[in-house]
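Here is final-v9.cif, consisting of mmCIF, C-alpha atoms and all ligand atoms:
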data_my_file
#
loop_
_atom_site.group_PDB
_atom_site.id
_atom_site.type_symbol
_atom_site.label_atom_id
_atom_site.label_comp_id
_atom_site.auth_asym_id
_atom_site.auth_seq_id
_atom_site.Cartn_x
_atom_site.Cartn_y
_atom_site.Cartn_z
ATOM 1 C CA MET B 386 151.385 -43.536 115.970
ATOM 2 C CA ASN B 387 154.759 -44.642 114.626
ATOM 3 C CA THR B 388 156.003 -48.218 115.002
ATOM 4 C CA GLU B 389 158.525 -47.302 117.657
ATOM 5 C CA ASN B 390 155.881 -45.822 119.963
ATOM 6 C CA LYS B 391 153.511 -48.667 119.208
ATOM 7 C CA ASN B 392 156.144 -51.231 120.209
ATOM 8 C CA ALA B 393 156.965 -49.288 123.365
ATOM 9 C CA ASN B 394 153.294 -49.288 124.334
ATOM 10 C CA ILE B 395 152.900 -53.024 123.754
ATOM 11 C CA VAL B 396 155.980 -53.691 125.838
ATOM 12 C CA LEU B 397 154.812 -51.396 128.648
ATOM 13 C CA LYS B 398 151.462 -53.201 128.714
ATOM 14 C CA LYS B 399 153.189 -56.588 128.919
ATOM 15 C CA PHE B 400 155.365 -55.366 131.746
ATOM 16 C CA GLU B 401 152.357 -53.928 133.586
ATOM 17 C CA ASN B 402 150.640 -57.341 133.451
ATOM 18 C CA PHE B 403 153.775 -59.050 134.656
ATOM 19 C CA ILE B 404 154.148 -56.628 137.588
ATOM 20 C CA ARG B 405 150.525 -57.114 138.542
ATOM 21 C CA LYS B 406 150.848 -60.912 138.463
ATOM 22 C CA LYS B 407 153.952 -60.726 140.652
ATOM 23 C CA LYS B 408 152.013 -58.449 143.016
ATOM 24 C CA LEU B 409 154.719 -55.795 142.807
ATOM 25 C CA ARG B 410 154.211 -52.077 142.913
ATOM 26 C CA ASN B 411 154.194 -50.326 139.547
ATOM 27 C CA THR B 412 157.025 -47.789 139.669
ATOM 28 C CA ASN B 413 157.735 -44.992 137.264
ATOM 29 C CA GLU B 414 161.465 -45.715 137.409
ATOM 30 C CA ARG B 415 161.043 -49.192 135.965
ATOM 31 C CA ASN B 416 158.907 -47.833 133.126
ATOM 32 C CA ILE B 417 161.523 -45.188 132.332
ATOM 33 C CA ILE B 418 164.192 -47.908 132.165
ATOM 34 C CA LEU B 419 162.056 -50.066 129.902
ATOM 35 C CA LYS B 420 161.321 -47.159 127.547
ATOM 36 C CA GLU B 421 164.987 -46.251 127.379
ATOM 37 C CA ILE B 422 165.875 -49.835 126.423
ATOM 38 C CA TYR B 423 163.254 -49.998 123.684
ATOM 39 C CA LYS B 424 164.274 -46.641 122.262
ATOM 40 C CA ASN B 425 167.675 -48.007 121.293
ATOM 41 C CA GLU B 426 169.035 -50.745 119.079
ATOM 42 C CA GLY B 427 171.812 -53.190 119.783
ATOM 43 C CA HIS B 428 173.519 -54.699 122.780
ATOM 44 C CA PHE B 429 174.163 -52.944 126.070
ATOM 45 C CA ASN B 430 175.565 -53.715 129.480
ATOM 46 C CA PRO B 431 173.918 -52.521 132.707
ATOM 47 C CA ASP B 432 176.472 -49.756 133.234
ATOM 48 C CA ASP B 433 175.954 -48.345 129.735
ATOM 49 C CA LEU B 434 172.265 -48.155 130.488
ATOM 50 C CA TYR B 435 172.840 -46.569 133.888
ATOM 51 C CA ILE B 436 175.012 -43.856 132.335
ATOM 52 C CA ARG B 437 172.561 -43.272 129.481
ATOM 53 C CA LEU B 438 169.764 -42.699 132.006
ATOM 54 C CA LYS B 439 171.964 -40.375 133.996
ATOM 55 C CA LEU B 440 172.825 -38.341 130.877
ATOM 56 C CA ALA B 441 169.139 -38.163 130.023
ATOM 57 C CA GLY B 442 168.623 -36.463 133.387
ATOM 58 C CA TYR B 443 167.161 -39.342 135.383
ATOM 59 C CA ASN B 444 168.385 -39.991 138.870
ATOM 60 C CA ILE B 445 167.941 -43.754 139.019
ATOM 61 C CA SER B 446 170.283 -45.802 141.175
ATOM 62 C CA ARG B 447 172.514 -48.507 139.791
ATOM 63 C CA ALA B 448 170.774 -51.046 142.043
ATOM 64 C CA THR B 449 167.391 -50.148 140.541
ATOM 65 C CA VAL B 450 168.809 -50.565 137.037
ATOM 66 C CA TYR B 451 170.176 -54.014 137.907
ATOM 67 C CA ASN B 452 166.975 -55.124 139.651
ATOM 68 C CA THR B 453 164.819 -53.908 136.805
ATOM 69 C CA LEU B 454 166.939 -55.750 134.247
ATOM 70 C CA GLN B 455 166.352 -58.932 136.213
ATOM 71 C CA LEU B 456 162.593 -58.357 136.199
ATOM 72 C CA LEU B 457 162.545 -57.516 132.498
ATOM 73 C CA GLU B 458 164.430 -60.690 131.746
ATOM 74 C CA GLU B 459 161.958 -62.689 133.794
ATOM 75 C CA ALA B 460 159.125 -60.950 131.961
ATOM 76 C CA ASN B 461 160.720 -62.031 128.688
ATOM 77 C CA LEU B 462 161.128 -58.481 127.433
ATOM 78 C CA ILE B 463 164.905 -58.512 127.228
ATOM 79 C CA ILE B 464 167.446 -61.270 126.568
ATOM 80 C CA LYS B 465 170.677 -61.733 128.469
ATOM 81 C CA HIS B 466 173.738 -62.932 126.553
ATOM 82 C CA TYR B 467 177.112 -64.060 127.754
ATOM 83 C CA PHE B 468 179.237 -63.418 124.674
ATOM 84 C CA LYS B 469 182.265 -63.390 126.939
ATOM 85 C CA GLU B 470 182.496 -65.255 130.214
ATOM 86 C CA ASN B 471 181.232 -63.363 133.252
ATOM 87 C CA SER B 472 180.036 -60.305 131.399
ATOM 88 C CA ALA B 473 176.335 -60.079 130.763
ATOM 89 C CA ILE B 474 175.111 -58.137 127.759
ATOM 90 C CA TYR B 475 171.443 -57.434 127.205
ATOM 91 C CA GLU B 476 169.216 -56.583 124.309
ATOM 92 C CA LYS B 477 165.547 -56.022 123.796
ATOM 93 C CA VAL B 478 163.454 -58.872 122.459
ATOM 94 C CA ASN B 479 162.577 -58.428 118.824
ATOM 95 C CA PHE B 480 159.226 -60.173 118.678
ATOM 96 C CA SER B 481 158.801 -60.071 114.923
ATOM 97 C CA SER B 482 162.283 -61.086 113.777
ATOM 98 C CA PRO B 483 164.668 -62.822 116.149
ATOM 99 C CA HIS B 484 168.335 -62.688 115.235
ATOM 100 C CA TYR B 485 171.327 -64.838 116.093
ATOM 101 C CA HIS B 486 174.972 -64.216 116.863
ATOM 102 C CA LEU B 487 178.343 -65.155 115.406
ATOM 103 C CA ILE B 488 181.003 -64.607 118.066
ATOM 104 C CA CYS B 489 184.719 -64.299 117.434
ATOM 105 C CA ILE B 490 186.604 -65.827 120.356
ATOM 106 C CA LYS B 491 189.758 -63.897 119.438
ATOM 107 C CA CYS B 492 188.692 -60.258 119.000
ATOM 108 C CA GLY B 493 185.237 -60.494 120.572
ATOM 109 C CA LYS B 494 183.411 -59.230 117.505
ATOM 110 C CA VAL B 495 179.711 -60.103 117.539
ATOM 111 C CA THR B 496 177.914 -60.297 114.208
ATOM 112 C CA GLU B 497 174.157 -60.570 114.083
ATOM 113 C CA PHE B 498 172.305 -62.542 111.470
ATOM 114 C CA GLU B 499 168.750 -63.557 110.696
ATOM 115 C CA GLU B 500 167.704 -66.870 109.261
ATOM 116 C CA LYS B 501 164.101 -67.836 108.545
ATOM 117 C CA GLU B 502 164.897 -71.545 108.559
ATOM 118 C CA ILE B 503 166.082 -71.451 112.191
ATOM 119 C CA LYS B 504 162.788 -69.881 113.205
ATOM 120 C CA GLN B 505 160.896 -72.660 111.427
ATOM 121 C CA LEU B 506 163.117 -75.332 112.949
ATOM 122 C CA VAL B 507 162.538 -73.960 116.472
ATOM 123 C CA LYS B 508 158.796 -73.942 115.845
ATOM 124 C CA ARG B 509 158.955 -77.588 114.814
ATOM 125 C CA ILE B 510 161.045 -78.603 117.836
ATOM 126 C CA VAL B 511 158.873 -76.875 120.455
ATOM 127 C CA GLY B 512 155.787 -78.383 118.810
ATOM 128 C CA LYS B 513 157.286 -81.841 118.984
ATOM 129 C CA TYR B 514 158.010 -81.566 122.720
ATOM 130 C CA GLY B 515 154.949 -79.534 123.665
ATOM 131 C CA HIS B 516 157.302 -76.881 124.992
ATOM 132 C CA LYS B 517 156.006 -73.351 125.555
ATOM 133 C CA HIS B 518 158.236 -71.088 123.513
ATOM 134 C CA LEU B 519 159.261 -67.775 125.059
ATOM 135 C CA ASN B 520 162.334 -66.918 123.051
ATOM 136 C CA HIS B 521 165.464 -68.554 121.727
ATOM 137 C CA SER B 522 168.984 -67.632 120.791
ATOM 138 C CA MET B 523 171.896 -69.127 118.930
ATOM 139 C CA TYR B 524 175.620 -68.508 119.300
ATOM 140 C CA ILE B 525 178.165 -69.668 116.788
ATOM 141 C CA TYR B 526 181.638 -69.414 118.318
ATOM 142 C CA GLY B 527 184.684 -69.240 116.101
ATOM 143 C CA LEU B 528 187.009 -66.834 114.341
ATOM 144 C CA CYS B 529 185.799 -63.871 112.324
ATOM 145 C CA LYS B 530 187.017 -63.428 108.755
ATOM 146 C CA LEU B 531 189.756 -61.003 109.797
ATOM 147 C CA CYS B 532 191.114 -63.069 112.723
ATOM 148 C CA ASN B 533 191.018 -66.186 110.612
ATOM 149 C CA SER B 534 193.208 -64.593 107.945
ATOM 150 C CA PHE B 535 196.215 -64.163 110.262
HETATM 151 ZN ZN ZN B 601 187.887 -61.677 115.272
HETATM 152 ZN ZN ZN B 602 171.905 -59.215 119.155
#
Will you turn the file into structure tokens for me?
Ligand SMILES: [Zn+2]
Ligand SMILES: [Zn+2]
Amino acid sequence: MNTENKNANIVLKKFENFIRKKKLRNTNERNIILKEIYKNEGHFNPDDLYIRLKLAGYNISRATVYNTLQLLEEANLIIKHYFKENSAIYEKVNFSSPHYHLICIKCGKVTEFEEKEIKQLVKRIVGKYGHKHLNHSMYIYGLCKLCNSF
């Protein structure tokens, strides 16, 4: 089994447990949405996802997409970002290597980076406060190289 399928299976299992705990019905539509999210890399907004599902031949309503995103966020399987005010962008949780974001407030460019030391720092902080760690994110707002050169 390749890594991609393995990850998808782990995530589906996690979601199944979450659904059971919430005493919700397990629906095929939600699983299709989750698989579609984990098949792709990068950031997406709910409408992108809705259209992608439509193009893939699934007839899933926009409301179902939105509701499922909310559940997946609650289940800690996707992260919601607000890079710009009032527009939510999602991405799947990368359990093995979390990444962070540099955001240009002028052109809106989002650059991802990884930094081992942040991971270690977060581990230390949650340990100190006895906080249960689910995930974390970091946003550094500013001007990208290009915007800063004008
Ligand atoms: Zn910029
Ligand atoms: Zn990202």
Give the residue list for ligand ZN 601 (chain B) at 9 Å, counting all atoms listed in the file, as a PDB file with C-alpha atoms, keeping the file's coordinate frame, sorted by chain and then by residue number.
ATOM      1  CA  ILE B 488     181.003 -64.607 118.066  1.00  0.00           C
ATOM      2  CA  CYS B 489     184.719 -64.299 117.434  1.00  0.00           C
ATOM      3  CA  ILE B 490     186.604 -65.827 120.356  1.00  0.00           C
ATOM      4  CA  LYS B 491     189.758 -63.897 119.438  1.00  0.00           C
ATOM      5  CA  CYS B 492     188.692 -60.258 119.000  1.00  0.00           C
ATOM      6  CA  GLY B 493     185.237 -60.494 120.572  1.00  0.00           C
ATOM      7  CA  LYS B 494     183.411 -59.230 117.505  1.00  0.00           C
ATOM      8  CA  VAL B 495     179.711 -60.103 117.539  1.00  0.00           C
ATOM      9  CA  GLY B 527     184.684 -69.240 116.101  1.00  0.00           C
ATOM     10  CA  LEU B 528     187.009 -66.834 114.341  1.00  0.00           C
ATOM     11  CA  CYS B 529     185.799 -63.871 112.324  1.00  0.00           C
ATOM     12  CA  LYS B 530     187.017 -63.428 108.755  1.00  0.00           C
ATOM     13  CA  LEU B 531     189.756 -61.003 109.797  1.00  0.00           C
ATOM     14  CA  CYS B 532     191.114 -63.069 112.723  1.00  0.00           C
ATOM     15  CA  ASN B 533     191.018 -66.186 110.612  1.00  0.00           C
TER      16      ASN B 533
END
For this session: Return as a list in words every polymer residue, whether protein, DNA or RNA, with at least one atom no more than 8 Å from an atom of ligand ZN 602 (chain B); count all atoms listed in the file.
Result: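 Selection of residues at most 8 Å from ligand ZN 602 (chain B): Gly427, His428, Glu476, His484, Tyr485, His486, Thr496 and Glu497 of chain B.
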Using C-alpha atoms, can you write the selected residues to a file as a PDB file, in the coordinates of the input?
ATOM      1  CA  GLY B 427     171.812 -53.190 119.783  1.00  0.00           C
ATOM      2  CA  HIS B 428     173.519 -54.699 122.780  1.00  0.00           C
ATOM      3  CA  GLU B 476     169.216 -56.583 124.309  1.00  0.00           C
ATOM      4  CA  HIS B 484     168.335 -62.688 115.235  1.00  0.00           C
ATOM      5  CA  TYR B 485     171.327 -64.838 116.093  1.00  0.00           C
ATOM      6  CA  HIS B 486     174.972 -64.216 116.863  1.00  0.00           C
ATOM      7  CA  THR B 496     177.914 -60.297 114.208  1.00  0.00           C
ATOM      8  CA  GLU B 497     174.157 -60.570 114.083  1.00  0.00           C
TER       9      GLU B 497
END
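For Thr412 in chain B, the list of residues within 12 Å, based on only C-alpha atoms and with local chain neighbours fewer than 3 positions off taken out, reads B:Leu397, B:Phe400, B:Glu401, B:Ile404, B:Arg405, B:Leu409, B:Arg415, B:Asn416, B:Ile417, B:Ile418, B:Leu419, B:Ile445, B:Thr449, B:Thr453.
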Exercise. Care to translate the PyMOL selection byres (((chain B and resi 503-510) around 12) and not hetatm) into actual residues of this file, as JSON, numbers by chain?
Worked result: {"B": [480, 481, 482, 483, 484, 485, 498, 499, 500, 501, 502, 511, 512, 513, 514, 515, 516, 517, 518, 519, 520, 521, 522, 523]}
Problem set entry | From B:Ser472, B:Asn444, B:Asn413, B:Asn402, residue lying nearest Ala460 in chain B [only C-alpha atoms] |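 The closest residue to Ala460 in chain B is B:Asn402.
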For this session: Determine the nearest neighbour of Lys424 in chain B from the options B:Ala448, B:Leu454, B:Tyr526, B:Lys391, counting only C-alpha atoms.
Result: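 Residue with the minimum atom-to-atom distance to Lys424 in chain B: B:Lys391.
Of note, CA of Ile436 in chain B and CA of Lys407 in chain B are spaced 28.2 Å apart.
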For this session: Measuring atom to atom with all atoms listed in the file, identify which of B:Ile463, B:Ile474, B:Leu487, B:Ile525 is nearest to Lys399 in chain B.
Result: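 When distances to Lys399 in chain B are compared using all atoms listed in the file, the smallest one comes from B:Ile463.
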Around all the atoms of range 457-473 of chain B listed in the file, with 3 Å of room on each side, what axis-aligned box do you get, giving centre and edge lengths in Å to one decimal, as JSON?
{"center_x": 170.8, "center_y": -61.4, "center_z": 129.2, "size_x": 29.4, "size_y": 13.7, "size_z": 15.1}
For this session: Skip Arg437 in chain B itself and residues of its chain fewer than 4 positions away, then list as a PyMOL selection string all residues within 10 Å of it, counting only C-alpha atoms.
Result: chain B and resi 418+421-422+431-433+441-443
Exercise. For the atom pair CA of Lys477 in chain B and CA of Arg410 in chain B, what is the interatomic distance in Å to one decimal place?
Worked result: 22.6 Å
